[in-house]
file my_file.cif (mmCIF, C-alpha atoms)
data_final
#
loop_
_atom_site.group_PDB
_atom_site.id
_atom_site.type_symbol
_atom_site.label_atom_id
_atom_site.label_comp_id
_atom_site.auth_asym_id
_atom_site.auth_seq_id
_atom_site.Cartn_x
_atom_site.Cartn_y
_atom_site.Cartn_z
ATOM 1 C CA MET A 6 -5.286 12.423 -47.589
ATOM 2 C CA LEU A 7 -1.888 12.752 -45.917
ATOM 3 C CA THR A 8 -1.851 13.990 -42.333
ATOM 4 C CA SER A 9 0.907 16.234 -41.036
ATOM 5 C CA LEU A 10 2.282 13.218 -39.159
ATOM 6 C CA ASP A 11 2.398 11.246 -42.451
ATOM 7 C CA ARG A 12 4.360 14.084 -44.020
ATOM 8 C CA LYS A 13 6.849 14.095 -41.157
ATOM 9 C CA ILE A 14 7.212 10.331 -41.422
ATOM 10 C CA LEU A 15 7.769 10.524 -45.193
ATOM 11 C CA ASP A 16 10.419 13.226 -44.841
ATOM 12 C CA LEU A 17 12.256 11.214 -42.179
ATOM 13 C CA LEU A 18 12.036 7.978 -44.178
ATOM 14 C CA GLN A 19 13.403 9.733 -47.250
ATOM 15 C CA ASN A 20 16.197 11.682 -45.619
ATOM 16 C CA LYS A 21 17.067 10.384 -42.162
ATOM 17 C CA PHE A 22 16.669 6.610 -42.264
ATOM 18 C CA PRO A 23 19.140 5.289 -39.672
ATOM 19 C CA ILE A 24 21.501 2.469 -40.589
ATOM 20 C CA SER A 25 21.074 0.510 -37.380
ATOM 21 C CA ILE A 26 19.614 -2.691 -35.969
ATOM 22 C CA HIS A 27 16.410 -0.922 -34.861
ATOM 23 C CA PRO A 28 15.912 1.922 -37.356
ATOM 24 C CA TYR A 29 12.165 2.276 -36.731
ATOM 25 C CA ARG A 30 12.597 2.518 -32.968
ATOM 26 C CA GLN A 31 14.988 5.454 -33.522
ATOM 27 C CA LEU A 32 12.569 7.144 -35.913
ATOM 28 C CA ALA A 33 9.688 6.579 -33.503
ATOM 29 C CA ASP A 34 11.745 8.281 -30.770
ATOM 30 C CA ILE A 35 12.334 11.310 -33.004
ATOM 31 C CA LEU A 36 8.593 11.489 -33.720
ATOM 32 C CA GLY A 37 7.660 10.899 -30.084
ATOM 33 C CA MET A 38 5.486 7.921 -30.938
ATOM 34 C CA ASP A 39 5.302 4.218 -30.363
ATOM 35 C CA GLU A 40 7.353 1.992 -32.696
ATOM 36 C CA ALA A 41 4.423 -0.338 -33.400
ATOM 37 C CA ALA A 42 2.200 2.609 -34.308
ATOM 38 C CA LEU A 43 4.896 3.960 -36.639
ATOM 39 C CA LEU A 44 5.266 0.586 -38.388
ATOM 40 C CA GLN A 45 1.501 0.453 -38.836
ATOM 41 C CA ARG A 46 1.413 3.952 -40.327
ATOM 42 C CA ILE A 47 4.248 3.114 -42.734
ATOM 43 C CA GLN A 48 2.421 -0.059 -43.790
ATOM 44 C CA HIS A 49 -0.593 2.122 -44.543
ATOM 45 C CA LEU A 50 1.541 4.475 -46.684
ATOM 46 C CA LYS A 51 2.839 1.453 -48.597
ATOM 47 C CA ASP A 52 -0.667 0.051 -49.067
ATOM 48 C CA GLU A 53 -1.791 3.430 -50.403
ATOM 49 C CA GLY A 54 1.004 3.269 -52.973
ATOM 50 C CA ILE A 55 2.732 6.408 -51.718
ATOM 51 C CA ILE A 56 5.861 4.499 -50.719
ATOM 52 C CA ARG A 57 7.207 2.405 -53.601
ATOM 53 C CA ARG A 58 9.835 0.677 -51.497
ATOM 54 C CA ILE A 59 12.156 1.097 -48.545
ATOM 55 C CA GLY A 60 15.703 0.034 -49.221
ATOM 56 C CA GLY A 61 19.115 1.083 -50.425
ATOM 57 C CA ILE A 62 19.759 3.849 -52.918
ATOM 58 C CA MET A 63 22.817 2.618 -54.743
ATOM 59 C CA ASP A 64 25.346 4.666 -56.697
ATOM 60 C CA SER A 65 25.636 2.860 -60.015
ATOM 61 C CA ARG A 66 28.910 4.585 -60.934
ATOM 62 C CA SER A 67 30.577 3.718 -57.645
ATOM 63 C CA LEU A 68 29.447 0.132 -58.110
ATOM 64 C CA GLY A 69 31.300 0.235 -61.429
ATOM 65 C CA PHE A 70 28.207 0.279 -63.648
ATOM 66 C CA TYR A 71 27.657 2.416 -66.745
ATOM 67 C CA SER A 72 24.403 4.274 -67.064
ATOM 68 C CA VAL A 73 23.139 6.302 -70.011
ATOM 69 C CA LEU A 74 20.062 8.233 -71.149
ATOM 70 C CA CYS A 75 18.868 7.145 -74.592
ATOM 71 C CA ALA A 76 16.395 8.648 -77.027
ATOM 72 C CA SER A 77 14.839 7.450 -80.267
ATOM 73 C CA GLU A 78 12.460 8.583 -82.963
ATOM 74 C CA VAL A 79 9.891 5.812 -83.309
ATOM 75 C CA PRO A 80 6.938 5.810 -85.726
ATOM 76 C CA GLU A 81 3.868 6.437 -83.542
ATOM 77 C CA GLU A 82 2.026 3.389 -84.895
ATOM 78 C CA ARG A 83 4.598 0.997 -83.431
ATOM 79 C CA ILE A 84 5.772 2.917 -80.386
ATOM 80 C CA ASP A 85 4.040 0.578 -77.890
ATOM 81 C CA GLN A 86 5.572 -2.497 -79.450
ATOM 82 C CA VAL A 87 9.046 -0.892 -79.509
ATOM 83 C CA ALA A 88 8.663 0.334 -75.912
ATOM 84 C CA PHE A 89 7.656 -3.125 -74.663
ATOM 85 C CA ARG A 90 10.671 -4.720 -76.353
ATOM 86 C CA ILE A 91 12.978 -2.115 -74.755
ATOM 87 C CA ASN A 92 11.272 -2.705 -71.377
ATOM 88 C CA ALA A 93 12.251 -6.364 -71.632
ATOM 89 C CA GLU A 94 15.922 -5.406 -71.122
ATOM 90 C CA PRO A 95 16.598 -5.778 -67.380
ATOM 91 C CA GLY A 96 19.037 -2.821 -67.454
ATOM 92 C CA VAL A 97 16.292 -0.465 -68.652
ATOM 93 C CA THR A 98 14.924 1.190 -65.497
ATOM 94 C CA HIS A 99 12.948 4.146 -66.930
ATOM 95 C CA ASN A 100 11.120 4.363 -70.245
ATOM 96 C CA TYR A 101 8.786 7.174 -71.316
ATOM 97 C CA ARG A 102 6.966 8.412 -74.385
ATOM 98 C CA ARG A 103 7.551 12.163 -74.685
ATOM 99 C CA ASN A 104 6.272 15.064 -76.768
ATOM 100 C CA HIS A 105 9.197 15.510 -79.146
ATOM 101 C CA ARG A 106 10.400 14.243 -82.509
ATOM 102 C CA LEU A 107 12.568 12.008 -80.320
ATOM 103 C CA ASN A 108 9.510 10.446 -78.736
ATOM 104 C CA LEU A 109 10.896 7.550 -76.705
ATOM 105 C CA TRP A 110 13.323 8.211 -73.832
ATOM 106 C CA PHE A 111 14.821 5.518 -71.638
ATOM 107 C CA THR A 112 17.757 4.890 -69.314
ATOM 108 C CA LEU A 113 20.004 1.881 -69.624
ATOM 109 C CA THR A 114 22.369 0.620 -66.919
ATOM 110 C CA ALA A 115 24.922 -2.097 -67.708
ATOM 111 C CA PRO A 116 28.075 -3.519 -66.100
ATOM 112 C CA THR A 117 30.273 -1.792 -68.712
ATOM 113 C CA ARG A 118 29.990 0.774 -71.498
ATOM 114 C CA ASP A 119 30.735 -1.927 -74.098
ATOM 115 C CA LYS A 120 27.911 -4.102 -72.800
ATOM 116 C CA ALA A 121 25.532 -1.141 -72.942
ATOM 117 C CA GLN A 122 26.541 -0.490 -76.549
ATOM 118 C CA LEU A 123 26.000 -4.120 -77.476
ATOM 119 C CA ILE A 124 22.494 -4.039 -76.024
ATOM 120 C CA LEU A 125 21.691 -0.804 -77.891
ATOM 121 C CA GLN A 126 23.076 -2.168 -81.169
ATOM 122 C CA ARG A 127 20.954 -5.264 -80.832
ATOM 123 C CA LEU A 128 17.861 -3.158 -80.148
ATOM 124 C CA GLU A 129 18.609 -0.926 -83.147
ATOM 125 C CA ASN A 130 18.941 -3.896 -85.489
ATOM 126 C CA GLU A 131 16.009 -5.800 -84.140
ATOM 127 C CA LEU A 132 13.624 -2.837 -84.012
ATOM 128 C CA ASN A 133 14.993 -0.960 -87.028
ATOM 129 C CA ILE A 134 15.363 2.304 -85.115
ATOM 130 C CA LYS A 135 18.227 4.696 -84.478
ATOM 131 C CA ILE A 136 19.050 5.144 -80.782
ATOM 132 C CA TYR A 137 20.901 8.255 -79.655
ATOM 133 C CA THR A 138 22.864 8.172 -76.408
ATOM 134 C CA LEU A 139 23.092 11.221 -74.160
ATOM 135 C CA PRO A 140 25.678 10.306 -71.520
ATOM 136 C CA ALA A 141 26.054 12.569 -68.491
ATOM 137 C CA GLU A 142 29.280 14.559 -68.507
ATOM 138 C CA LYS A 143 28.660 16.287 -65.218
ATOM 139 C CA VAL A 144 26.147 15.648 -62.481
ATOM 140 C CA TYR A 145 24.980 18.748 -60.639
ATOM 141 C CA LYS A 146 22.205 17.119 -58.684
ATOM 142 C CA ILE A 147 20.532 13.781 -58.028
ATOM 143 C CA LYS A 148 17.929 14.157 -55.353
ATOM 144 C CA LEU A 149 15.625 11.253 -54.869
ATOM 145 C CA SER A 150 13.561 12.728 -52.084
ATOM 146 C CA LEU A 151 10.479 14.892 -52.406
ATOM 147 C CA PRO A 152 9.844 17.591 -49.795
ATOM 148 C CA MET A 153 6.589 16.531 -48.134
ATOM 149 C CA GLN A 154 6.159 19.262 -45.551
ATOM 150 C CA GLU A 155 5.001 22.558 -47.020
ATOM 151 C CA ASP A 156 7.660 24.523 -45.138
ATOM 152 C CA ASP A 157 10.474 22.662 -46.824
ATOM 153 C CA TYR A 158 9.001 23.455 -50.178
ATOM 154 C CA ALA A 159 9.190 27.232 -49.987
ATOM 155 C CA ASP A 160 12.336 28.795 -51.338
ATOM 156 C CA MET B 861 36.721 -5.011 -53.320
ATOM 157 C CA LEU B 862 33.215 -6.279 -52.722
ATOM 158 C CA THR B 863 32.957 -9.618 -50.945
ATOM 159 C CA ASP B 864 30.228 -12.195 -51.613
ATOM 160 C CA THR B 865 28.609 -11.000 -48.391
ATOM 161 C CA ASP B 866 28.594 -7.404 -49.659
ATOM 162 C CA ILE B 867 26.972 -8.470 -52.924
ATOM 163 C CA GLN B 868 24.290 -10.391 -51.038
ATOM 164 C CA ILE B 869 23.670 -7.338 -48.856
ATOM 165 C CA ILE B 870 23.267 -5.176 -51.988
ATOM 166 C CA GLN B 871 20.891 -7.768 -53.469
ATOM 167 C CA TYR B 872 18.815 -7.484 -50.315
ATOM 168 C CA LEU B 873 18.893 -3.686 -50.211
ATOM 169 C CA GLN B 874 18.047 -3.126 -53.887
ATOM 170 C CA GLY B 875 14.583 -4.535 -53.195
ATOM 171 C CA ASP B 876 12.032 -3.641 -50.565
ATOM 172 C CA ILE B 877 13.364 -4.522 -47.119
ATOM 173 C CA PRO B 878 10.860 -6.098 -44.704
ATOM 174 C CA LEU B 879 8.831 -3.635 -42.698
ATOM 175 C CA GLU B 880 9.563 -4.903 -39.221
ATOM 176 C CA SER B 881 11.314 -3.739 -36.093
ATOM 177 C CA ARG B 882 14.566 -5.490 -37.037
ATOM 178 C CA PRO B 883 14.699 -5.314 -40.848
ATOM 179 C CA PHE B 884 18.179 -6.880 -41.085
ATOM 180 C CA ALA B 885 17.499 -9.890 -38.866
ATOM 181 C CA GLN B 886 16.457 -12.233 -41.715
ATOM 182 C CA LEU B 887 19.434 -11.206 -43.811
ATOM 183 C CA ALA B 888 21.880 -11.683 -40.946
ATOM 184 C CA GLU B 889 20.525 -15.144 -40.337
ATOM 185 C CA LYS B 890 20.819 -16.059 -44.006
ATOM 186 C CA LEU B 891 24.404 -14.797 -44.146
ATOM 187 C CA GLY B 892 25.314 -16.452 -40.847
ATOM 188 C CA ILE B 893 26.570 -13.206 -39.313
ATOM 189 C CA SER B 894 25.187 -10.874 -36.643
ATOM 190 C CA GLU B 895 22.859 -7.970 -37.324
ATOM 191 C CA ALA B 896 25.575 -5.662 -35.992
ATOM 192 C CA GLU B 897 27.929 -7.000 -38.669
ATOM 193 C CA VAL B 898 25.329 -6.419 -41.399
ATOM 194 C CA VAL B 899 24.851 -2.840 -40.198
ATOM 195 C CA GLU B 900 28.619 -2.320 -40.082
ATOM 196 C CA ARG B 901 28.994 -3.589 -43.653
ATOM 197 C CA ILE B 902 26.223 -1.277 -44.900
ATOM 198 C CA GLN B 903 27.892 1.667 -43.154
ATOM 199 C CA TRP B 904 31.212 0.702 -44.727
ATOM 200 C CA MET B 905 29.643 0.648 -48.203
ATOM 201 C CA GLN B 906 27.989 3.977 -47.545
ATOM 202 C CA GLU B 907 31.283 5.563 -46.500
ATOM 203 C CA ARG B 908 32.745 4.383 -49.810
ATOM 204 C CA GLY B 909 29.857 5.830 -51.771
ATOM 205 C CA LEU B 910 28.519 2.511 -53.103
ATOM 206 C CA ILE B 911 25.291 2.968 -51.179
ATOM 207 C CA ARG B 912 24.114 6.567 -51.034
ATOM 208 C CA ARG B 913 21.697 5.906 -48.203
ATOM 209 C CA LEU B 914 18.798 3.813 -47.008
ATOM 210 C CA ALA B 915 15.497 5.505 -47.671
ATOM 211 C CA ALA B 916 11.905 5.251 -48.706
ATOM 212 C CA VAL B 917 11.360 5.804 -52.432
ATOM 213 C CA LEU B 918 8.016 7.482 -53.088
ATOM 214 C CA ARG B 919 5.681 7.407 -56.056
ATOM 215 C CA HIS B 920 5.597 11.044 -57.191
ATOM 216 C CA ARG B 921 1.981 11.151 -58.267
ATOM 217 C CA GLU B 922 0.601 9.425 -55.187
ATOM 218 C CA ALA B 923 2.730 11.722 -52.992
ATOM 219 C CA GLY B 924 1.036 14.792 -54.472
ATOM 220 C CA PHE B 925 3.607 15.811 -57.080
ATOM 221 C CA GLN B 926 1.203 15.283 -59.943
ATOM 222 C CA VAL B 927 3.255 16.762 -62.719
ATOM 223 C CA ASN B 928 6.854 16.697 -63.773
ATOM 224 C CA ALA B 929 8.778 17.327 -66.916
ATOM 225 C CA MET B 930 12.236 16.789 -68.255
ATOM 226 C CA VAL B 931 13.405 20.219 -69.359
ATOM 227 C CA ALA B 932 16.374 20.394 -71.723
ATOM 228 C CA TRP B 933 18.187 23.730 -71.993
ATOM 229 C CA ASN B 934 20.513 25.003 -74.670
ATOM 230 C CA VAL B 935 23.359 26.483 -72.626
ATOM 231 C CA ASP B 936 26.687 27.824 -73.803
ATOM 232 C CA HIS B 937 29.484 25.458 -72.737
ATOM 233 C CA ALA B 938 31.245 28.293 -70.907
ATOM 234 C CA ARG B 939 28.188 28.835 -68.704
ATOM 235 C CA ALA B 940 27.411 25.161 -68.006
ATOM 236 C CA ASP B 941 28.691 25.075 -64.406
ATOM 237 C CA GLU B 942 27.176 28.400 -63.454
ATOM 238 C CA VAL B 943 23.716 27.538 -64.781
ATOM 239 C CA GLY B 944 23.862 23.870 -63.726
ATOM 240 C CA ARG B 945 24.731 24.729 -60.128
ATOM 241 C CA TYR B 946 22.035 27.392 -59.972
ATOM 242 C CA PHE B 947 19.323 25.050 -61.283
ATOM 243 C CA ALA B 948 20.508 22.354 -58.857
ATOM 244 C CA LEU B 949 19.699 24.644 -55.910
ATOM 245 C CA ASP B 950 16.005 24.750 -56.787
ATOM 246 C CA PRO B 951 14.022 22.487 -54.421
ATOM 247 C CA GLN B 952 11.680 21.499 -57.268
ATOM 248 C CA VAL B 953 14.558 20.360 -59.465
ATOM 249 C CA SER B 954 15.384 16.739 -58.586
ATOM 250 C CA HIS B 955 18.006 15.974 -61.210
ATOM 251 C CA CYS B 956 20.399 18.214 -63.100
ATOM 252 C CA TYR B 957 22.963 16.929 -65.587
ATOM 253 C CA TRP B 958 25.252 18.282 -68.262
ATOM 254 C CA ARG B 959 25.000 15.833 -71.151
ATOM 255 C CA GLN B 960 26.842 14.979 -74.325
ATOM 256 C CA VAL B 961 24.097 15.263 -76.932
ATOM 257 C CA PRO B 962 23.679 14.631 -80.672
ATOM 258 C CA GLU B 963 24.619 17.797 -82.543
ATOM 259 C CA GLU B 964 21.214 18.152 -84.205
ATOM 260 C CA PHE B 965 19.529 18.005 -80.782
ATOM 261 C CA GLY B 966 21.569 20.780 -79.187
ATOM 262 C CA TYR B 967 19.944 20.950 -75.738
ATOM 263 C CA ASN B 968 22.677 19.967 -73.333
ATOM 264 C CA LEU B 969 21.620 20.819 -69.772
ATOM 265 C CA PHE B 970 18.934 18.466 -68.434
ATOM 266 C CA THR B 971 16.704 19.023 -65.424
ATOM 267 C CA MET B 972 13.766 17.124 -63.943
ATOM 268 C CA VAL B 973 11.264 19.617 -62.564
ATOM 269 C CA HIS B 974 8.414 18.598 -60.220
ATOM 270 C CA ALA B 975 5.262 20.470 -59.297
ATOM 271 C CA ARG B 976 1.797 20.045 -57.872
ATOM 272 C CA SER B 977 0.028 21.481 -60.935
ATOM 273 C CA GLN B 978 0.656 22.291 -64.596
ATOM 274 C CA GLN B 979 0.479 25.985 -63.771
ATOM 275 C CA GLU B 980 3.084 25.676 -61.012
ATOM 276 C CA LEU B 981 5.335 23.662 -63.331
ATOM 277 C CA LYS B 982 5.102 26.274 -66.070
ATOM 278 C CA GLU B 983 5.846 29.128 -63.659
ATOM 279 C CA ARG B 984 8.797 27.301 -62.144
ATOM 280 C CA ILE B 985 10.343 26.630 -65.562
ATOM 281 C CA GLU B 986 9.821 30.242 -66.627
ATOM 282 C CA LYS B 987 11.446 31.423 -63.426
ATOM 283 C CA LEU B 988 14.506 29.226 -64.018
ATOM 284 C CA SER B 989 14.717 30.530 -67.584
ATOM 285 C CA LYS B 990 14.524 34.142 -66.517
ATOM 286 C CA CYS B 991 16.917 33.890 -63.571
ATOM 287 C CA GLN B 992 19.696 32.462 -65.708
ATOM 288 C CA ASP B 993 18.740 34.141 -68.973
ATOM 289 C CA VAL B 994 18.490 30.828 -70.827
ATOM 290 C CA LYS B 995 15.753 31.394 -73.396
ATOM 291 C CA ASP B 996 16.169 28.349 -75.604
ATOM 292 C CA TYR B 997 14.733 25.259 -73.935
ATOM 293 C CA ILE B 998 12.254 22.450 -74.534
ATOM 294 C CA VAL B 999 9.813 20.871 -72.107
ATOM 295 C CA LEU B 1000 9.746 17.116 -72.606
ATOM 296 C CA GLU B 1001 6.546 16.033 -70.929
ATOM 297 C CA SER B 1002 5.975 12.392 -70.258
ATOM 298 C CA LEU B 1003 2.952 11.246 -72.259
ATOM 299 C CA GLN B 1004 3.174 7.651 -71.122
ATOM 300 C CA GLU B 1005 5.221 5.818 -68.518
ATOM 301 C CA TYR B 1006 6.272 2.475 -69.953
ATOM 302 C CA LYS B 1007 8.630 1.500 -67.163
ATOM 303 C CA LYS B 1008 9.937 2.762 -63.862
ATOM 304 C CA VAL B 1009 11.819 0.359 -61.613
ATOM 305 C CA SER B 1010 14.877 0.318 -59.395
ATOM 306 C CA MET B 1011 18.003 -1.205 -60.905
ATOM 307 C CA GLN B 1012 18.767 -4.775 -59.890
ATOM 308 C CA TYR B 1013 22.569 -4.765 -59.930
ATOM 309 C CA PHE B 1014 23.383 -8.317 -58.906
#
call {"tool": "encode", "arguments": {"input": "my_file.cif", "output": "structure tokens"}}
result
Amino acid sequence: MLTSLDRKILDLLQNKFPISIHPYRQLADILGMDEAALLQRIQHLKDEGIIRRIGGIMDSRSLGFYSVLCASEVPEERIDQVAFRINAEPGVTHNYRRNHRLNLWFTLTAPTRDKAQLILQRLENELNIKIYTLPAEKVYKIKLSLPMQEDDYAD
Amino acid sequence: MLTDTDIQIIQYLQGDIPLESRPFAQLAEKLGISEAEVVERIQWMQERGLIRRLAAVLRHREAGFQVNAMVAWNVDHARADEVGRYFALDPQVSHCYWRQVPEEFGYNLFTMVHARSQQELKERIEKLSKCQDVKDYIVLESLQEYKKVSMQYF
């Protein structure tokens, strides 16, 4: 069960992580707690699996990479096998089975558009499936933080 | 232009940085520069938009957001910006994109919607639909997660 302090910590870690030599000391000051106690609490949140990682959120486009959402219609009886093969591509970061005729949805990131297309072509040939690409034309929102304190959640 | 040092910093940041008082100390030592220089370089990359920010990435389910769905909406091209910007304002919408889609698919505005229950998810989607008068949409629930990782760029 998350305490209200945990929720405050999670909101700060998601939205206000300082880029500094002593980021946790600064966060501890904001929370009015001891740095060692904060580190211990964060370790607990990691152990519980609530925090996946703490690190950089990169912008793939600014880094020059090409990223695209892909979808495919895969016969149900071999969807696991197809999904595992797609998972083996290091540029595939998300892969889900969904409730639609297009039942497998994944994202592919590659250094260039051509390289992405080569990977997709190879997958199509090897797996005997048709892969549709749904590139983003306009991004209205990418928010990777979840509001943890109830107050933030109300609109 | 990214230097070798920058690329090594990105390699370090794309993983899970050590949970310790000085999380950049090991990296600075490895690179043979000071922690202050590492921090400066990260700030420089953030100003240029290469790094959005440093942050904790949570697991949705474990953090209490048990359900989510990708909702794809069929929106008239002329209304794309209006509807896209409105959906983006919703605190339970984490991602909102206008996409080029196969003609036979037709649903071109994509949102990820998060909620604490199926009921809440359903209500939120219906509210979005009503507020923008977009009646044609599909809810693409995830039936199985095969993979979810952070991109390793270098």
call {"tool": "closest_residue", "arguments": {"input": "my_file.cif", "among": "B:Arg913, B:Lys890, B:Arg939, B:His974", "to": "chain A", "atoms": "only C-alpha atoms"}}
result
B:Arg913
call {"tool": "interface_residues", "arguments": {"input": "my_file.cif", "of": "chain A", "to": "chain B", "cutoff": "6 Å", "atoms": "only C-alpha atoms", "output": "MDAnalysis selection string"}}
result
chainID A and resid 18:19 22 25:27 55:64 67:68 98:104 139:148
call {"tool": "atom_distance", "arguments": {"input": "my_file.cif", "atom1": "atom CA of A:Leu17", "atom2": "atom CA of A:Leu32"}}
result
7.5 Å
call {"tool": "resolve_selection", "arguments": {"input": "my_file.cif", "expression": "the PyMOL selection byres ((chain A and resi 29) around 8)", "output": "list in words"}}
result
His27, Pro28, Arg30, Gln31, Leu32, Ala33, Glu40, Leu43 and Leu44 of chain A; Ser881 of chain B
call {"tool": "axis_aligned_box", "arguments": {"input": "my_file.cif", "around": "stretch 138-150 of chain A", "padding_each_side": "3 Å", "output": "AutoDock Vina command-line options"}}
result
--center_x 21.4 --center_y 13.5 --center_z -64.2 --size_x 21.7 --size_y 16.6 --size_z 30.3
call {"tool": "atom_distance", "arguments": {"input": "my_file.cif", "atom1": "atom CA of A:Leu107", "atom2": "atom CA of A:Ala76"}}
result
6.1 Å
call {"tool": "build_atoms", "arguments": {"input": "my_file.cif", "residues": "stretch 944-955 of chain B", "atoms": "N, CA, C and O atoms", "output": "PDB file, keeping the file's coordinate frame"}}
result
ATOM      1  N   GLY B 944      24.140  25.184 -64.306  1.00  0.00           N
ATOM      2  CA  GLY B 944      23.862  23.870 -63.726  1.00  0.00           C
ATOM      3  C   GLY B 944      23.781  23.942 -62.211  1.00  0.00           C
ATOM      4  O   GLY B 944      22.868  23.387 -61.597  1.00  0.00           O
ATOM      5  N   ARG B 945      24.725  24.634 -61.598  1.00  0.00           N
ATOM      6  CA  ARG B 945      24.731  24.729 -60.128  1.00  0.00           C
ATOM      7  C   ARG B 945      23.551  25.545 -59.622  1.00  0.00           C
ATOM      8  O   ARG B 945      22.990  25.246 -58.574  1.00  0.00           O
ATOM      9  N   TYR B 946      23.191  26.571 -60.380  1.00  0.00           N
ATOM     10  CA  TYR B 946      22.035  27.392 -59.972  1.00  0.00           C
ATOM     11  C   TYR B 946      20.742  26.566 -60.038  1.00  0.00           C
ATOM     12  O   TYR B 946      19.975  26.528 -59.075  1.00  0.00           O
ATOM     13  N   PHE B 947      20.535  25.876 -61.142  1.00  0.00           N
ATOM     14  CA  PHE B 947      19.323  25.050 -61.283  1.00  0.00           C
ATOM     15  C   PHE B 947      19.269  23.969 -60.189  1.00  0.00           C
ATOM     16  O   PHE B 947      18.212  23.637 -59.666  1.00  0.00           O
ATOM     17  N   ALA B 948      20.446  23.434 -59.852  1.00  0.00           N
ATOM     18  CA  ALA B 948      20.508  22.354 -58.857  1.00  0.00           C
ATOM     19  C   ALA B 948      20.021  22.827 -57.487  1.00  0.00           C
ATOM     20  O   ALA B 948      19.564  22.020 -56.679  1.00  0.00           O
ATOM     21  N   LEU B 949      20.120  24.118 -57.216  1.00  0.00           N
ATOM     22  CA  LEU B 949      19.699  24.644 -55.910  1.00  0.00           C
ATOM     23  C   LEU B 949      18.184  24.671 -55.751  1.00  0.00           C
ATOM     24  O   LEU B 949      17.678  24.741 -54.640  1.00  0.00           O
ATOM     25  N   ASP B 950      17.460  24.633 -56.865  1.00  0.00           N
ATOM     26  CA  ASP B 950      16.005  24.750 -56.787  1.00  0.00           C
ATOM     27  C   ASP B 950      15.398  23.497 -56.148  1.00  0.00           C
ATOM     28  O   ASP B 950      15.659  22.381 -56.603  1.00  0.00           O
ATOM     29  N   PRO B 951      14.577  23.671 -55.100  1.00  0.00           N
ATOM     30  CA  PRO B 951      14.022  22.487 -54.421  1.00  0.00           C
ATOM     31  C   PRO B 951      13.084  21.664 -55.302  1.00  0.00           C
ATOM     32  O   PRO B 951      12.831  20.500 -55.021  1.00  0.00           O
ATOM     33  N   GLN B 952      12.577  22.250 -56.387  1.00  0.00           N
ATOM     34  CA  GLN B 952      11.680  21.499 -57.268  1.00  0.00           C
ATOM     35  C   GLN B 952      12.420  20.841 -58.433  1.00  0.00           C
ATOM     36  O   GLN B 952      11.818  20.175 -59.257  1.00  0.00           O
ATOM     37  N   VAL B 953      13.738  21.054 -58.476  1.00  0.00           N
ATOM     38  CA  VAL B 953      14.558  20.360 -59.465  1.00  0.00           C
ATOM     39  C   VAL B 953      15.185  19.155 -58.770  1.00  0.00           C
ATOM     40  O   VAL B 953      15.898  19.302 -57.781  1.00  0.00           O
ATOM     41  N   SER B 954      14.863  17.934 -59.255  1.00  0.00           N
ATOM     42  CA  SER B 954      15.384  16.739 -58.586  1.00  0.00           C
ATOM     43  C   SER B 954      16.677  16.243 -59.226  1.00  0.00           C
ATOM     44  O   SER B 954      17.519  15.664 -58.558  1.00  0.00           O
ATOM     45  N   HIS B 955      16.805  16.435 -60.516  1.00  0.00           N
ATOM     46  CA  HIS B 955      18.006  15.974 -61.210  1.00  0.00           C
ATOM     47  C   HIS B 955      18.511  17.086 -62.109  1.00  0.00           C
ATOM     48  O   HIS B 955      17.717  17.785 -62.738  1.00  0.00           O
TER      49      HIS B 955
END
